[in-house]
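Printed here is input_8.cif (mmCIF, C-alpha atoms):
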data_coords
#
loop_
_atom_site.label_atom_id
_atom_site.label_comp_id
_atom_site.auth_asym_id
_atom_site.auth_seq_id
_atom_site.Cartn_x
_atom_site.Cartn_y
_atom_site.Cartn_z
CA MET J 5 6.70 223.60 121.64
CA PRO J 6 10.34 224.69 121.10
CA PRO J 7 12.28 225.84 124.17
CA THR J 8 12.30 229.53 124.95
CA THR J 9 15.46 231.54 124.50
CA GLU J 10 15.89 231.69 128.27
CA ALA J 11 15.54 227.92 128.61
CA ALA J 12 17.98 227.36 125.76
CA GLN J 13 20.54 229.59 127.43
CA ALA J 14 20.14 227.62 130.64
CA SER J 15 20.91 224.32 128.89
CA PRO J 16 24.28 222.86 129.90
CA PRO J 17 27.02 222.93 127.26
CA VAL J 18 27.58 219.79 125.20
CA PRO J 19 31.01 218.34 125.98
CA ARG J 20 33.00 216.27 123.52
CA LEU J 21 36.25 214.59 124.50
CA ARG J 22 38.67 213.13 122.00
CA PHE J 23 42.25 211.97 122.40
CA THR J 24 44.48 210.48 119.74
CA GLU J 25 47.88 208.80 119.53
CA LEU J 26 48.79 209.46 123.16
CA TYR J 27 52.23 208.42 124.32
CA ARG J 28 53.63 208.94 127.83
CA SER J 29 56.82 207.63 129.37
CA PHE J 30 58.52 208.02 132.73
CA GLY J 31 62.22 207.75 132.03
CA ARG J 32 62.74 204.51 130.16
CA LEU J 33 59.35 203.16 131.21
CA SER J 34 56.77 203.54 128.44
CA VAL J 35 53.28 203.66 129.98
CA LEU J 36 50.94 204.91 127.24
CA ARG J 37 51.53 203.83 123.66
CA ASN J 38 49.30 205.09 120.84
CA VAL J 39 46.16 205.38 123.01
CA ALA J 40 42.97 206.86 121.55
CA GLY J 41 39.34 207.29 122.55
CA ALA J 42 36.31 209.59 122.58
CA ALA J 43 33.05 210.29 124.43
CA THR J 44 30.31 212.89 124.59
CA THR J 45 27.24 213.79 126.69
CA GLY J 46 25.52 210.88 128.40
CA GLU J 47 28.34 208.45 127.70
CA ILE J 48 30.86 206.58 129.80
CA LEU J 49 34.24 205.64 128.41
CA LEU J 50 35.33 202.70 130.55
CA VAL J 51 39.08 202.26 130.89
CA THR J 52 40.39 198.92 132.14
CA GLY J 53 43.71 197.12 132.19
CA ALA J 54 46.20 195.40 134.42
CA ASN J 55 48.09 197.19 137.19
CA GLY J 56 50.67 199.48 135.62
CA SER J 57 48.92 199.64 132.25
CA GLY J 58 48.53 203.43 132.46
CA LYS J 59 44.93 203.99 133.56
CA SER J 60 45.78 206.67 136.12
CA THR J 61 48.33 208.24 133.78
CA LEU J 62 45.70 208.49 131.05
CA LEU J 63 43.22 210.25 133.34
CA LYS J 64 45.89 212.72 134.46
CA CYS J 65 46.65 213.51 130.82
CA LEU J 66 42.94 214.04 130.11
CA ALA J 67 42.64 216.30 133.17
CA GLY J 68 45.58 218.43 132.06
CA LEU J 69 47.67 217.36 135.05
CA LEU J 70 50.24 215.56 132.88
CA ALA J 71 51.37 216.47 129.38
CA PRO J 72 51.61 213.56 126.95
CA ASP J 73 54.93 213.07 125.21
CA ARG J 74 53.07 212.78 121.92
CA GLY J 75 49.48 212.93 120.79
CA ARG J 76 46.58 215.27 121.38
CA VAL J 77 43.79 215.73 123.92
CA GLU J 78 40.79 217.76 122.71
CA LEU J 79 37.89 218.84 124.90
CA SER J 80 35.21 221.09 123.44
CA LEU J 81 32.03 222.62 124.88
CA ASP J 82 29.33 223.36 122.33
CA GLY J 83 31.93 223.01 119.60
CA ARG J 84 34.49 225.40 121.11
CA GLU J 85 37.79 223.72 121.89
CA LEU J 86 39.14 224.50 125.35
CA SER J 87 42.67 225.53 126.21
CA ILE J 88 44.67 223.45 128.67
CA ASP J 89 43.87 225.88 131.50
CA GLU J 90 40.17 225.74 130.65
CA ILE J 91 40.30 221.94 130.64
CA ARG J 92 41.73 221.93 134.16
CA ARG J 93 38.87 224.16 135.35
CA ALA J 94 36.17 222.26 133.46
CA VAL J 95 36.82 218.68 134.53
CA GLY J 96 35.88 217.03 137.78
CA TYR J 97 38.64 214.67 138.88
CA ALA J 98 38.84 212.14 141.68
CA ALA J 99 41.65 209.71 142.38
CA PRO J 100 42.90 207.66 145.35
CA ASP J 101 45.72 210.14 146.06
CA LEU J 102 43.36 213.13 146.35
CA ALA J 103 43.89 214.54 149.87
CA PHE J 104 42.03 217.08 152.00
CA TYR J 105 42.86 219.47 154.82
CA GLU J 106 42.73 217.05 157.71
CA GLU J 107 42.07 219.65 160.43
CA LEU J 108 38.99 220.92 158.58
CA THR J 109 35.60 219.22 158.61
CA THR J 110 34.06 217.71 155.52
CA GLU J 111 31.85 220.77 155.15
CA GLU J 112 34.72 223.21 155.71
CA ASN J 113 36.86 221.45 153.09
CA LEU J 114 34.16 221.66 150.44
CA LEU J 115 33.18 225.22 151.38
CA PHE J 116 36.81 226.26 150.99
CA PHE J 117 36.96 224.83 147.46
CA ALA J 118 33.52 226.25 146.67
CA ARG J 119 34.74 229.74 147.58
CA LEU J 120 37.79 229.28 145.35
CA ARG J 121 35.46 228.44 142.46
CA ARG J 122 32.91 231.10 143.46
CA LEU J 123 30.16 228.52 143.87
CA ALA J 124 26.97 228.72 145.90
CA PRO J 125 27.46 227.06 149.33
CA ASP J 126 24.16 225.14 149.11
CA ARG J 127 25.83 222.72 146.66
CA VAL J 128 28.05 221.53 149.53
CA ALA J 129 25.17 220.54 151.79
CA GLU J 130 23.39 218.84 148.88
CA LEU J 131 26.34 216.59 148.05
CA LEU J 132 27.24 215.72 151.63
CA GLU J 133 23.65 214.73 152.31
CA HIS J 134 23.51 212.58 149.20
CA VAL J 135 26.61 210.55 150.10
CA GLY J 136 25.67 210.38 153.78
CA LEU J 137 28.68 212.20 155.24
CA PRO J 138 28.47 214.12 158.54
CA THR J 139 29.20 217.80 158.03
CA ASP J 140 31.11 218.20 161.31
CA ARG J 141 33.55 215.28 161.02
CA ALA J 142 37.19 216.31 160.58
CA ALA J 143 38.70 214.98 157.37
CA GLY J 144 41.55 213.48 159.39
CA ALA J 145 39.04 211.36 161.31
CA LEU J 146 37.34 209.88 158.24
CA SER J 147 37.53 206.22 157.40
CA SER J 148 38.87 205.22 153.98
CA GLY J 149 35.34 204.75 152.69
CA MET J 150 34.24 208.15 153.97
CA ARG J 151 37.26 209.77 152.31
CA GLN J 152 36.20 208.17 149.05
CA ARG J 153 32.70 209.64 149.42
CA LEU J 154 34.25 213.05 150.01
CA ARG J 155 36.30 212.65 146.81
CA TRP J 156 33.05 212.14 144.90
CA CYS J 157 31.69 215.36 146.41
CA TRP J 158 34.84 217.28 145.53
CA ALA J 159 34.81 216.07 141.91
CA LEU J 160 31.16 217.03 141.40
CA LEU J 161 31.20 220.27 143.37
CA HIS J 162 31.26 222.57 140.32
CA ARG J 163 28.89 220.44 138.20
CA PRO J 164 31.64 219.64 135.69
CA PRO J 165 30.79 218.77 132.09
CA VAL J 166 33.45 216.04 132.21
CA LEU J 167 33.97 213.70 135.14
CA LEU J 168 37.22 211.73 135.44
CA LEU J 169 37.11 208.97 138.04
CA ASP J 170 40.05 206.78 138.98
CA GLU J 171 39.04 203.76 141.10
CA PRO J 172 35.80 205.55 142.10
CA PHE J 173 34.34 202.69 144.15
CA GLN J 174 37.49 201.91 146.12
CA ASN J 175 36.77 201.23 149.83
CA LEU J 176 33.04 201.94 149.44
CA ASP J 177 30.44 199.73 151.06
CA GLU J 178 27.21 198.89 149.23
CA PRO J 179 25.36 202.09 150.29
CA GLY J 180 28.40 204.10 149.19
CA ARG J 181 28.53 202.34 145.83
CA GLN J 182 24.83 202.98 145.36
CA ALA J 183 25.23 206.68 146.20
CA GLY J 184 28.16 206.96 143.78
CA THR J 185 26.23 205.24 141.00
CA GLU J 186 23.28 207.58 141.54
CA LEU J 187 25.56 210.61 141.33
CA LEU J 188 27.11 209.22 138.16
CA VAL J 189 23.71 208.67 136.53
CA ASP J 190 22.63 212.19 137.50
CA HIS J 191 25.85 213.62 136.05
CA LEU J 192 25.37 211.80 132.74
CA ARG J 193 22.18 213.75 132.06
CA HIS J 194 24.29 216.78 131.18
CA GLY J 195 27.90 215.59 131.01
CA LEU J 196 30.19 212.72 130.11
CA ALA J 197 32.40 210.50 132.24
CA VAL J 198 35.63 208.59 131.91
CA VAL J 199 35.92 205.88 134.53
CA ALA J 200 39.20 204.03 135.02
CA ASN J 201 39.59 200.76 136.88
CA PRO J 202 36.07 200.86 138.35
CA GLY J 203 36.26 197.59 140.27
CA ARG J 204 32.83 196.78 138.89
CA LEU J 205 31.79 196.54 135.25
CA ASP J 206 28.02 196.86 135.63
CA LEU J 207 28.04 200.64 135.21
CA PRO J 208 25.20 202.39 133.34
CA TYR J 209 25.60 204.04 129.95
CA VAL J 210 28.95 202.49 129.09
CA THR J 211 29.22 203.19 125.36
CA HIS J 212 32.97 202.75 124.83
CA HIS J 213 35.48 200.39 126.43
CA LEU J 214 39.22 201.02 126.24
CA GLU J 215 41.47 198.17 127.37
CA LEU J 216 45.04 199.30 128.02
CA ALA J 217 47.86 196.83 127.47
CA GLY J 218 50.20 196.21 130.36
#
Before we go any further, please render this structure as structure tokens.
Amino acid sequence: MPPTTEAAQASPPVPRLRFTELYRSFGRLSVLRNVAGAATTGEILLVTGANGSGKSTLLKCLAGLLAPDRGRVELSLDGRELSIDEIRRAVGYAAPDLAFYEELTTEENLLFFARLRRLAPDRVAELLEHVGLPTDRAAGALSSGMRQRLRWCWALLHRPPVLLLDEPFQNLDEPGRQAGTELLVDHLRHGLAVVANPGRLDLPYVTHHLELAG
């Protein structure tokens, strides 16, 4: 039986990411040179390379946080190409330098960002429970592994169609890696992911592999 109109409207949008001929330099240092790739729903684009090869720079360009010197980044939802401001709102992004308000608890940090995005607060409790973080622990008192779990929560808070993860398993113990992998698999049911420098290559649904030259 075909889906009802109401069910069809509730279906998540189909994201498609494509980037071509990306170049990015910092002064005389050329980091990205003619980089290209693509991914869509249910796919992981795995980005690997030596230190300094441009993995983090690439993710920042895809997130709209850095402008490439040359080339094009295209993100569309259901065939409609997004503007740069829409890309910034659509993606979920987590990186090692992502910081939180240290005097606020894990729950207060996420609730603050949820209010900014006008999201239901129950999403906060759901994510914190999944990664095993206490709701009343101040962010400034978190271990490095706990901070990494909180970064996962922050990136997934708004159920983004595109998830950009830079070193997502850094400092995580085995339960943390398992929780992150489960969140990633759940996300792939309705979105796509670009994972840079994962620290482990046995990720599910890797359909494309981009190796950056150092």
Once the PyMOL selection byres ((chain J and resi 49-60) around 9) has been applied to the shown file, what residues remain in the selection, as a ChimeraX atom specification?
-> /J:28,35-36,41-43,47-48,61-65,99,170-171,196-202,205,207,209-218
Distance in Å - atom CA of J:Arg74 versus atom CA of J:Leu26 = 5.6 Å
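Across the model, the gap from atom CA of J:Arg93 to atom CA of J:Leu132 is 21.7 Å.
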Apply the PyMOL selection byres ((chain J and resi 109-119) around 7) to the file shown and report the selected residues as a list of chain:residue names.
->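 Checking the PyMOL selection byres ((chain J and resi 109-119) around 7) against this file, the residues are J:Phe104, J:Tyr105, J:Glu107, J:Leu108, J:Leu120, J:Arg121, J:Arg122, J:Leu123, J:Pro125, J:Val128, J:Thr139, J:Asp140, J:Arg141, J:Ala142, J:Ala143, J:Trp158.
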Within 9 Å of J:Thr44, counting all atoms listed in the file, which residues show up once you throw out same-chain ones fewer than 6 positions away? Write them as a ChimeraX atom specification, please.
-> /J:18-22,166,195-197
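What separates atom CA of J:Ala67 from atom CA of J:Val95 is a distance of 6.4 Å.
Nearest residue to J:Ala94, choosing from J:Leu137, J:Leu131, J:Leu192, J:Leu161 and counting all atoms listed in the file: J:Leu161.
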Non-local contacts of J:Gly75 (10 Å; all atoms listed in the file; under 3 positions in same chain excluded) as a ChimeraX atom specification | /J:23-28,37-40,71-72
J:Leu160: which residues within 9 Å, counting only C-alpha atoms, same-chain residues fewer than 6 positions away excluded, as a list in words?
-> Gly96, Tyr97, Leu131, Leu167, Leu187 and His191 of chain J
Explicit residues for the PyMOL selection byres ((chain J and resi 149) around 9) (as a ChimeraX atom specification) = /J:146-148,150-154,173-177,180
Atoms added to stretch 50-61 of chain J (all heavy atoms), reported as an mmCIF file, keeping the file's coordinate frame:
data_model
loop_
_atom_site.group_PDB
_atom_site.id
_atom_site.type_symbol
_atom_site.label_atom_id
_atom_site.label_comp_id
_atom_site.auth_asym_id
_atom_site.auth_seq_id
_atom_site.Cartn_x
_atom_site.Cartn_y
_atom_site.Cartn_z
ATOM 1 N N LEU J 50 34.783 203.564 129.496
ATOM 2 C CA LEU J 50 35.330 202.700 130.550
ATOM 3 C C LEU J 50 36.755 202.309 130.194
ATOM 4 O O LEU J 50 37.013 201.809 129.099
ATOM 5 C CB LEU J 50 34.452 201.456 130.679
ATOM 6 C CG LEU J 50 34.777 200.496 131.821
ATOM 7 C CD1 LEU J 50 34.504 201.147 133.164
ATOM 8 C CD2 LEU J 50 33.946 199.218 131.681
ATOM 9 N N VAL J 51 37.669 202.560 131.119
ATOM 10 C CA VAL J 51 39.080 202.260 130.890
ATOM 11 C C VAL J 51 39.501 201.146 131.853
ATOM 12 O O VAL J 51 39.410 201.305 133.073
ATOM 13 C CB VAL J 51 39.967 203.495 131.116
ATOM 14 C CG1 VAL J 51 41.427 203.165 130.830
ATOM 15 C CG2 VAL J 51 39.505 204.650 130.237
ATOM 16 N N THR J 52 39.947 200.032 131.310
ATOM 17 C CA THR J 52 40.390 198.920 132.140
ATOM 18 C C THR J 52 41.776 198.482 131.692
ATOM 19 O O THR J 52 42.293 198.913 130.659
ATOM 20 C CB THR J 52 39.409 197.731 132.044
ATOM 21 O OG1 THR J 52 39.264 197.344 130.669
ATOM 22 C CG2 THR J 52 38.037 198.113 132.590
ATOM 23 N N GLY J 53 42.374 197.609 132.496
ATOM 24 C CA GLY J 53 43.710 197.120 132.190
ATOM 25 C C GLY J 53 44.388 196.635 133.458
ATOM 26 O O GLY J 53 43.950 196.930 134.575
ATOM 27 N N ALA J 54 45.460 195.931 133.289
ATOM 28 C CA ALA J 54 46.200 195.400 134.420
ATOM 29 C C ALA J 54 46.887 196.525 135.188
ATOM 30 O O ALA J 54 46.992 197.657 134.708
ATOM 31 C CB ALA J 54 47.247 194.394 133.922
ATOM 32 N N ASN J 55 47.332 196.213 136.412
ATOM 33 C CA ASN J 55 48.090 197.190 137.190
ATOM 34 C C ASN J 55 49.318 197.637 136.392
ATOM 35 O O ASN J 55 50.036 196.819 135.819
ATOM 36 C CB ASN J 55 48.555 196.582 138.513
ATOM 37 C CG ASN J 55 47.399 196.325 139.456
ATOM 38 O OD1 ASN J 55 46.313 196.874 139.291
ATOM 39 N ND2 ASN J 55 47.624 195.489 140.452
ATOM 40 N N GLY J 56 49.534 198.957 136.356
ATOM 41 C CA GLY J 56 50.670 199.480 135.620
ATOM 42 C C GLY J 56 50.435 199.687 134.139
ATOM 43 O O GLY J 56 51.359 200.059 133.408
ATOM 44 N N SER J 57 49.198 199.493 133.681
ATOM 45 C CA SER J 57 48.920 199.640 132.250
ATOM 46 C C SER J 57 48.714 201.088 131.837
ATOM 47 O O SER J 57 48.616 201.379 130.640
ATOM 48 C CB SER J 57 47.683 198.809 131.868
ATOM 49 O OG SER J 57 46.541 199.233 132.597
ATOM 50 N N GLY J 58 48.599 202.013 132.815
ATOM 51 C CA GLY J 58 48.530 203.430 132.460
ATOM 52 C C GLY J 58 47.172 204.074 132.648
ATOM 53 O O GLY J 58 46.944 205.183 132.159
ATOM 54 N N LYS J 59 46.272 203.435 133.382
ATOM 55 C CA LYS J 59 44.930 203.990 133.560
ATOM 56 C C LYS J 59 44.969 205.345 134.271
ATOM 57 O O LYS J 59 44.369 206.324 133.816
ATOM 58 C CB LYS J 59 44.052 203.007 134.350
ATOM 59 C CG LYS J 59 43.870 201.654 133.680
ATOM 60 C CD LYS J 59 42.986 200.735 134.469
ATOM 61 C CE LYS J 59 43.559 200.351 135.817
ATOM 62 N NZ LYS J 59 44.779 199.522 135.704
ATOM 63 N N SER J 60 45.681 205.411 135.381
ATOM 64 C CA SER J 60 45.780 206.670 136.120
ATOM 65 C C SER J 60 46.531 207.727 135.314
ATOM 66 O O SER J 60 46.166 208.910 135.323
ATOM 67 C CB SER J 60 46.480 206.448 137.468
ATOM 68 O OG SER J 60 45.728 205.574 138.291
ATOM 69 N N THR J 61 47.573 207.305 134.617
ATOM 70 C CA THR J 61 48.330 208.240 133.780
ATOM 71 C C THR J 61 47.444 208.827 132.697
ATOM 72 O O THR J 61 47.495 210.035 132.420
ATOM 73 C CB THR J 61 49.535 207.531 133.155
ATOM 74 O OG1 THR J 61 50.401 207.066 134.195
ATOM 75 C CG2 THR J 61 50.312 208.454 132.241
#
